Number of protein chains: 2
Amino acid sequence: MSILAVGSIAFDTIATPSGKVENMLGGSATYFSLAASYFSNVRVVAVVGEDFTAADEDVLKKRGVDTRGIDHAPGRTFRWGGQYLDNLNEAKTDFTELNVFEKFQPRIPSQYADSEFLFLGNIHPSLQAAVRLEMDGVRLTGGDTMNFWIQGALAELKETLKLVNVLLINDGEAKMLAGERNLPRAARKVLAMGPQALVIKHGEYGATIFFREGAFGIGSHPFRAPALPIDEVKDPTGAGDSFAGGFMGYIASQGELNREVLKRALFYGGVMGSFAVERFGTERLQNLTREEIDARFQLFRELTHLE
Amino acid sequence: MSILAVGSIAFDTIATPSGKVENMLGGSATYFSLAASYFSNVRVVAVVGEDFTAADEDVLKKRGVDTRGIDHAPGRTFRWGGQYLDNLNEAKTDFTELNVFEKFQPRIPSQYADSEFLFLGNIHPSLQAAVRLEMDGVRLTGGDTMNFWIQGALAELKETLKLVNVLLINDGEAKMLAGERNLPRAARKVLAMGPQALVIKHGEYGATIFFREGAFGIGSHPFRAPALPIDEVKDPTGAGDSFAGGFMGYIASQGELNREVLKRALFYGGVMGSFAVERFGTERLQNLTREEIDARFQLFRELTHLE
């Protein structure tokens, strides 16, 4: 089945303990689309500038991603510079040039109208809501957000959360959004804002999915997937978006929407996140095979499952 | 089978967001022994002062713990005061009165000589080594340590690590001991110091066990157990020692020493840690049933296992 993904396309300049790269293709929509492309058809809505080349677009096209929703605007593509020299778990931003992204107005091609799944990448909550309302026939909407919107556009974000089925955020974002430091209590408060399920990403410790009572199944027991202990995290950029891509991509590849599917999706999210960080930028996500992905899924299982 | 546990007995004064208690029975040997007592026979070696009453000792005796190795010395029992008001994951020490613990020289009663398992709680590495060398017939030795010894007694600690089969420490301690910030690489460096297995505790995110190549089974794949998302952590004190008690207690209850036993032990460690933090001090650990423990083990399984 098809997923429509809306988000950013960017050129990133990144320094990590493993090295430095400049103006490398990135952005939430890029990482998400590449990761999800191993499971489902992906259609992307984003904006780029005149510096976005055919070779850049080919990175997505080679993975079968439908790029007709990429808006080519006058000016330069969104650029971000950051470093992880002191802490691989948290980026320190060096610069942000919004460029064409500043006036991004998502335009959904008519050919995307039959998408069954929707992923709202980390953009202004009002834009997320507009896309979601336009795509009112989707079976499931996943969404991301960040501290910037929680602090700066909370009212709009709360409206958007009513339209999102599964929200994917990290520990700090969940605690900030809920105004609550205890994680399960924070999860319940966020679920009360709208989503039926909440995925909280713990970085190197994996992720937990919390369910609203009765959503996608019986009860409200959470479920936890691991992350892979990795010897060298070359570049953590895009790990969260790749996680979301694996998670949503796997869900869209399944016929049913139930707890077991969402639990497996949490594992596939971790799997795609673990691949993403092994190389700079999207390199590792461009040339995977489904066999490699399933072998790593098996590794995640062995890492956590008793006999 | 029997475990000999050596460590501290203390009176703790603790403040958490849930409340405050003064002079409450605690200490590494106390938490460890109570947690392990649900699985195996436990014998304790520790030192107390004249303020340690028969009622205090009864807390251990009621759980069947053999207390003949508790040395009653002139003076006051070790006292510690700390708070978790800002951060439940890290204690801020208000005061430490070593008292009789300052001159602690573990004396092992002859009746303990046939103990098959040994746990070296967090005391000076030289004392740990002396106990281990005296108990040279044990099948498996578990050990704990802390930043204080890593910084202040590293040479002695490295000698002790050659005598320990399974070391249980937290992320920060593992990274400090290895001088390495990447967790799997830090784990390999610590394993090269002696232990066959290393349990790294991640607090609310669970724990990972790393194996030396070929130790307790084939290969060197790590294994990860979750922690339970808990609505109200009343008092984190003793969580690590309770974890160690569940871990070692379960191992000692099994006939064989293999990977599967150690993996299950990691789950039981998490289970006992999760009970410990639900009440102040050792309260919750005093009155559990094996049925409650196994029900929670099942909850840990459901939290992590796919169908």
# chains A, B, ... in the order shown; residues from 1 in each chain; ligands from 1
>>> interface_residues(of="chain A", to="chain B", cutoff="10 Å", atoms="only C-alpha atoms", output="JSON, numbers by chain")
{"A": [87, 88, 181, 182, 183, 184, 185, 186, 202, 204, 205, 206, 207, 208, 209, 221, 222, 223, 224, 225, 226, 227, 228, 229, 230, 231, 232, 233, 260, 261, 263, 264, 267, 299, 300, 301, 302, 303, 304, 305, 306, 307]}
>>> write_last_selection(atoms="N, CA and C atoms", output="short mmCIF file (atom, residue, chain, number, x, y, z; two decimals), in the first residue's frame")
data_model
loop_
_atom_site.label_atom_id
_atom_site.label_comp_id
_atom_site.auth_asym_id
_atom_site.auth_seq_id
_atom_site.Cartn_x
_atom_site.Cartn_y
_atom_site.Cartn_z
N ASN A 87 28.40 14.63 22.13
CA ASN A 87 27.31 13.75 22.53
C ASN A 87 26.58 13.23 21.29
N LEU A 88 26.71 11.94 21.05
CA LEU A 88 26.09 11.36 19.85
C LEU A 88 24.56 11.32 19.97
N ARG A 181 7.44 14.51 34.21
CA ARG A 181 8.73 13.88 34.05
C ARG A 181 8.69 12.35 34.07
N ASN A 182 7.61 11.80 34.66
CA ASN A 182 7.48 10.34 34.68
C ASN A 182 6.97 9.87 33.32
N LEU A 183 7.68 8.92 32.71
CA LEU A 183 7.39 8.56 31.33
C LEU A 183 6.01 7.94 31.11
N PRO A 184 5.61 6.91 31.86
CA PRO A 184 4.27 6.37 31.60
C PRO A 184 3.15 7.38 31.88
N ARG A 185 3.34 8.23 32.88
CA ARG A 185 2.32 9.26 33.13
C ARG A 185 2.31 10.28 32.00
N ALA A 186 3.50 10.65 31.52
CA ALA A 186 3.58 11.58 30.38
C ALA A 186 2.89 10.96 29.17
N HIS A 202 13.87 6.19 22.63
CA HIS A 202 14.87 6.36 23.68
C HIS A 202 16.29 6.36 23.15
N GLU A 204 19.66 5.21 21.99
CA GLU A 204 20.39 3.93 22.00
C GLU A 204 19.71 2.85 22.83
N TYR A 205 18.64 3.22 23.57
CA TYR A 205 17.95 2.23 24.39
C TYR A 205 16.67 1.72 23.74
N GLY A 206 16.39 2.13 22.51
CA GLY A 206 15.22 1.59 21.83
C GLY A 206 14.03 2.51 21.88
N ALA A 207 12.84 1.93 21.95
CA ALA A 207 11.61 2.72 21.91
C ALA A 207 10.50 1.97 22.60
N THR A 208 9.53 2.72 23.12
CA THR A 208 8.36 2.12 23.76
C THR A 208 7.11 2.63 23.07
N ILE A 209 6.18 1.72 22.79
CA ILE A 209 4.88 2.16 22.28
C ILE A 209 3.84 2.02 23.39
N HIS A 221 -1.37 -2.32 27.77
CA HIS A 221 0.03 -2.65 28.07
C HIS A 221 0.97 -2.05 27.03
N PRO A 222 2.02 -1.39 27.48
CA PRO A 222 3.01 -0.88 26.52
C PRO A 222 3.88 -2.02 25.97
N PHE A 223 4.68 -1.69 24.98
CA PHE A 223 5.59 -2.65 24.37
C PHE A 223 6.89 -1.94 24.06
N ARG A 224 7.98 -2.64 24.26
CA ARG A 224 9.29 -2.01 24.12
C ARG A 224 10.14 -2.77 23.10
N ALA A 225 10.75 -2.03 22.18
CA ALA A 225 11.70 -2.63 21.23
C ALA A 225 13.08 -2.10 21.54
N PRO A 226 14.11 -2.91 21.29
CA PRO A 226 15.46 -2.47 21.62
C PRO A 226 16.04 -1.62 20.50
N ALA A 227 17.19 -1.05 20.77
CA ALA A 227 18.05 -0.55 19.70
C ALA A 227 19.25 -1.49 19.69
N LEU A 228 19.96 -1.50 18.58
CA LEU A 228 21.10 -2.39 18.46
C LEU A 228 22.33 -1.72 19.07
N PRO A 229 23.05 -2.43 19.95
CA PRO A 229 24.33 -1.86 20.40
C PRO A 229 25.28 -1.79 19.20
N ILE A 230 25.68 -0.59 18.82
CA ILE A 230 26.48 -0.39 17.61
C ILE A 230 27.85 0.14 17.98
N ASP A 231 28.87 -0.49 17.41
CA ASP A 231 30.26 -0.16 17.73
C ASP A 231 30.65 1.25 17.31
N GLU A 232 30.16 1.68 16.15
CA GLU A 232 30.51 3.02 15.73
C GLU A 232 29.30 3.69 15.10
N VAL A 233 28.71 4.62 15.84
CA VAL A 233 27.63 5.43 15.28
C VAL A 233 28.31 6.54 14.49
N GLU A 260 -0.22 -6.47 17.24
CA GLU A 260 0.93 -7.28 16.82
C GLU A 260 1.65 -6.62 15.65
N VAL A 261 0.88 -6.03 14.74
CA VAL A 261 1.49 -5.32 13.62
C VAL A 261 2.27 -4.11 14.13
N LYS A 263 3.60 -3.69 17.07
CA LYS A 263 4.78 -4.15 17.80
C LYS A 263 5.92 -4.52 16.85
N ARG A 264 5.57 -5.26 15.81
CA ARG A 264 6.58 -5.63 14.82
C ARG A 264 7.11 -4.38 14.14
N PHE A 267 9.85 -2.84 16.02
CA PHE A 267 11.12 -3.51 15.75
C PHE A 267 11.71 -3.03 14.42
N LEU A 299 18.13 -10.33 14.40
CA LEU A 299 19.12 -9.95 15.41
C LEU A 299 18.44 -9.21 16.57
N PHE A 300 17.51 -8.32 16.23
CA PHE A 300 16.76 -7.60 17.26
C PHE A 300 15.94 -8.58 18.09
N ARG A 301 15.40 -9.58 17.44
CA ARG A 301 14.62 -10.58 18.15
C ARG A 301 15.51 -11.36 19.12
N GLU A 302 16.67 -11.80 18.61
CA GLU A 302 17.60 -12.56 19.47
C GLU A 302 18.12 -11.72 20.63
N LEU A 303 18.19 -10.43 20.41
CA LEU A 303 18.68 -9.51 21.44
C LEU A 303 17.71 -9.41 22.62
N THR A 304 16.43 -9.76 22.38
CA THR A 304 15.41 -9.48 23.39
C THR A 304 14.56 -10.69 23.79
N HIS A 305 14.55 -11.74 22.95
CA HIS A 305 13.60 -12.82 23.20
C HIS A 305 14.24 -14.00 23.92
N LEU A 306 13.58 -14.41 24.98
CA LEU A 306 13.97 -15.64 25.67
C LEU A 306 13.47 -16.83 24.86
N GLU A 307 14.06 -17.99 25.13
CA GLU A 307 13.61 -19.20 24.43
C GLU A 307 12.20 -19.56 24.84
#
>>> residues_around(residues="Ala178 in chain A", least_positions_apart="5", cutoff="10 Å", atoms="only C-alpha atoms", output="short mmCIF file (atom, residue, chain, number, x, y, z; two decimals) with C-alpha atoms, in the first residue's frame")
data_model
loop_
_atom_site.label_atom_id
_atom_site.label_comp_id
_atom_site.auth_asym_id
_atom_site.auth_seq_id
_atom_site.Cartn_x
_atom_site.Cartn_y
_atom_site.Cartn_z
CA ILE A 150 5.85 22.31 21.61
CA GLY A 172 12.39 14.80 26.14
CA GLU A 173 9.65 15.83 23.75
CA LEU A 183 7.39 8.56 31.33
CA ARG A 185 2.32 9.26 33.13
CA ALA A 186 3.58 11.58 30.38
CA ALA A 187 2.49 8.98 27.83
CA ARG A 188 -1.05 8.87 29.21
CA LYS A 189 -1.29 12.65 29.11
CA VAL A 190 -0.15 12.76 25.48
CA LEU A 191 -2.56 9.98 24.52
CA ALA A 192 -5.35 12.01 26.09
CA MET A 193 -4.55 14.76 23.57
#
>>> residues_around(residues="His72 in chain A", least_positions_apart="3", cutoff="8 Å", atoms="only C-alpha atoms", output="JSON, numbers by chain")
{"A": [47, 48, 49, 50]}
>>> residues_around(residues="Gly194 in chain B", least_positions_apart="6", cutoff="12 Å", atoms="only C-alpha atoms", output="list in words")
Thr141, Gly143, Leu157, Lys158, Glu159, Thr160, Leu161, Lys162, Leu163, Val164, Asn165, Val166, Leu167, Ala187, Arg188, Phe211, Arg212 and Ala215 of chain B
>>> select_by_dssp(residues="range 6-224 of chain B", states="strand (DSSP E or B)", output="ChimeraX atom specification")
/B:6,10-16,19-26,41-48,66-72,78-83,92-97,117-120,140-144,166-170,197-201,207-211,223-224
>>> residues_around(residues="Phe148 in chain B", least_positions_apart="2", cutoff="12 Å", atoms="only C-alpha atoms", output="list in words")
Asn122, Ile123, His124, Pro125, Asp144, Thr145, Met146, Ile150, Gln151, Gly152, Ala153, Leu154, Leu157, Gly172, Glu173, Met176 and Leu177 of chain B
>>> write_last_selection(atoms="C-alpha atoms", output="short mmCIF file (atom, residue, chain, number, x, y, z; two decimals), in the first residue's frame")
data_model
loop_
_atom_site.label_atom_id
_atom_site.label_comp_id
_atom_site.auth_asym_id
_atom_site.auth_seq_id
_atom_site.Cartn_x
_atom_site.Cartn_y
_atom_site.Cartn_z
CA ASN B 122 30.07 -2.53 46.35
CA ILE B 123 32.91 -2.43 48.94
CA HIS B 124 36.66 -1.76 48.56
CA PRO B 125 38.03 -3.94 45.72
CA ASP B 144 29.51 -4.70 41.74
CA THR B 145 31.64 -1.58 41.98
CA MET B 146 31.23 2.19 41.63
CA ILE B 150 37.20 3.23 39.62
CA GLN B 151 38.73 6.61 40.34
CA GLY B 152 40.34 5.87 43.69
CA ALA B 153 41.40 2.21 43.63
CA LEU B 154 41.70 1.26 39.98
CA LEU B 157 39.81 -3.08 41.16
CA GLY B 172 28.41 5.61 33.50
CA GLU B 173 30.58 3.19 35.46
CA MET B 176 34.48 5.34 33.08
CA LEU B 177 36.11 1.97 33.74
#
>>> residues_around(residues="Pro109 in chain B", least_positions_apart="2", cutoff="8 Å", atoms="only C-alpha atoms", output="number ranges by chain")
B: 68-69, 107, 111-113
>>> atom_distance(atom1="CA of Tyr31 in chain A", atom2="CA of Ala155 in chain A")
27.9 Å
>>> closest_residue(among="A:Ser8, A:Gln286, A:Ser28, A:Asn89", to="Gly64 in chain A", atoms="only C-alpha atoms")
A:Gln286
>>> closest_residue(among="B:Phe32, B:Gln83, B:Leu140, B:Phe275", to="Ser242 in chain B", atoms="only C-alpha atoms")
B:Phe32
>>> residues_around(residues="range 19-22 of chain B", least_positions_apart="3", cutoff="9 Å", atoms="only C-alpha atoms", output="list in words")
Phe11, Asp12, Thr13, Ile14, Ala15, Thr16, Gly81, Gln83, Lys234, Asp235, Phe280 and Gly281 of chain B
>>> write_last_selection(atoms="C-alpha atoms", output="tab-separated table (two decimals), in the first residue's frame")
chain	number	residue	atom	x	y	z
B	11	PHE	CA	20.53	3.22	57.82
B	12	ASP	CA	19.40	5.55	55.04
B	13	THR	CA	17.80	8.97	55.15
B	14	ILE	CA	16.17	9.58	51.81
B	15	ALA	CA	14.12	12.31	50.15
B	16	THR	CA	12.32	11.71	46.85
B	81	GLY	CA	21.62	10.44	53.40
B	83	GLN	CA	17.93	12.80	47.70
B	234	LYS	CA	8.80	6.11	45.17
B	235	ASP	CA	12.44	5.47	46.03
B	280	PHE	CA	10.49	3.32	50.24
B	281	GLY	CA	13.43	1.25	51.36
>>> select_by_dssp(residues="range 63-161 of chain B", states="alpha helix (DSSP H)", output="MDAnalysis selection string")
chainID B and resid 125:134 147:152 154:161
>>> atom_distance(atom1="CA of Phe52 in chain B", atom2="CA of Leu168 in chain B")
28.3 Å
>>> decode(residues="range 275-288 of chain A", atoms="N, CA and C atoms", output="short mmCIF file (atom, residue, chain, number, x, y, z; two decimals), in the first residue's frame")
data_model
loop_
_atom_site.label_atom_id
_atom_site.label_comp_id
_atom_site.auth_asym_id
_atom_site.auth_seq_id
_atom_site.Cartn_x
_atom_site.Cartn_y
_atom_site.Cartn_z
N PHE A 275 20.43 0.93 10.81
CA PHE A 275 21.15 1.03 9.53
C PHE A 275 21.56 2.48 9.26
N ALA A 276 20.61 3.40 9.49
CA ALA A 276 20.86 4.80 9.13
C ALA A 276 22.14 5.35 9.76
N VAL A 277 22.38 5.01 11.02
CA VAL A 277 23.49 5.63 11.74
C VAL A 277 24.85 4.99 11.44
N GLU A 278 24.84 3.91 10.69
CA GLU A 278 26.11 3.23 10.38
C GLU A 278 26.97 3.96 9.36
N ARG A 279 26.34 4.86 8.57
CA ARG A 279 27.10 5.63 7.58
C ARG A 279 26.64 7.08 7.69
N PHE A 280 27.41 7.98 7.09
CA PHE A 280 26.99 9.38 7.03
C PHE A 280 25.77 9.52 6.11
N GLY A 281 24.87 10.41 6.53
CA GLY A 281 23.73 10.74 5.68
C GLY A 281 22.88 9.53 5.35
N THR A 282 22.39 9.49 4.13
CA THR A 282 21.46 8.43 3.72
C THR A 282 22.18 7.27 3.05
N GLU A 283 23.51 7.27 3.07
CA GLU A 283 24.27 6.28 2.30
C GLU A 283 23.79 4.84 2.53
N ARG A 284 23.69 4.47 3.81
CA ARG A 284 23.33 3.08 4.10
C ARG A 284 21.90 2.77 3.68
N LEU A 285 21.03 3.77 3.73
CA LEU A 285 19.62 3.54 3.39
C LEU A 285 19.39 3.43 1.89
N GLN A 286 20.38 3.78 1.11
CA GLN A 286 20.19 3.77 -0.34
C GLN A 286 20.37 2.39 -0.96
N ASN A 287 21.12 1.53 -0.29
CA ASN A 287 21.51 0.28 -0.95
C ASN A 287 21.29 -0.95 -0.09
N LEU A 288 20.23 -0.98 0.67
CA LEU A 288 19.93 -2.15 1.48
C LEU A 288 19.18 -3.18 0.64
#
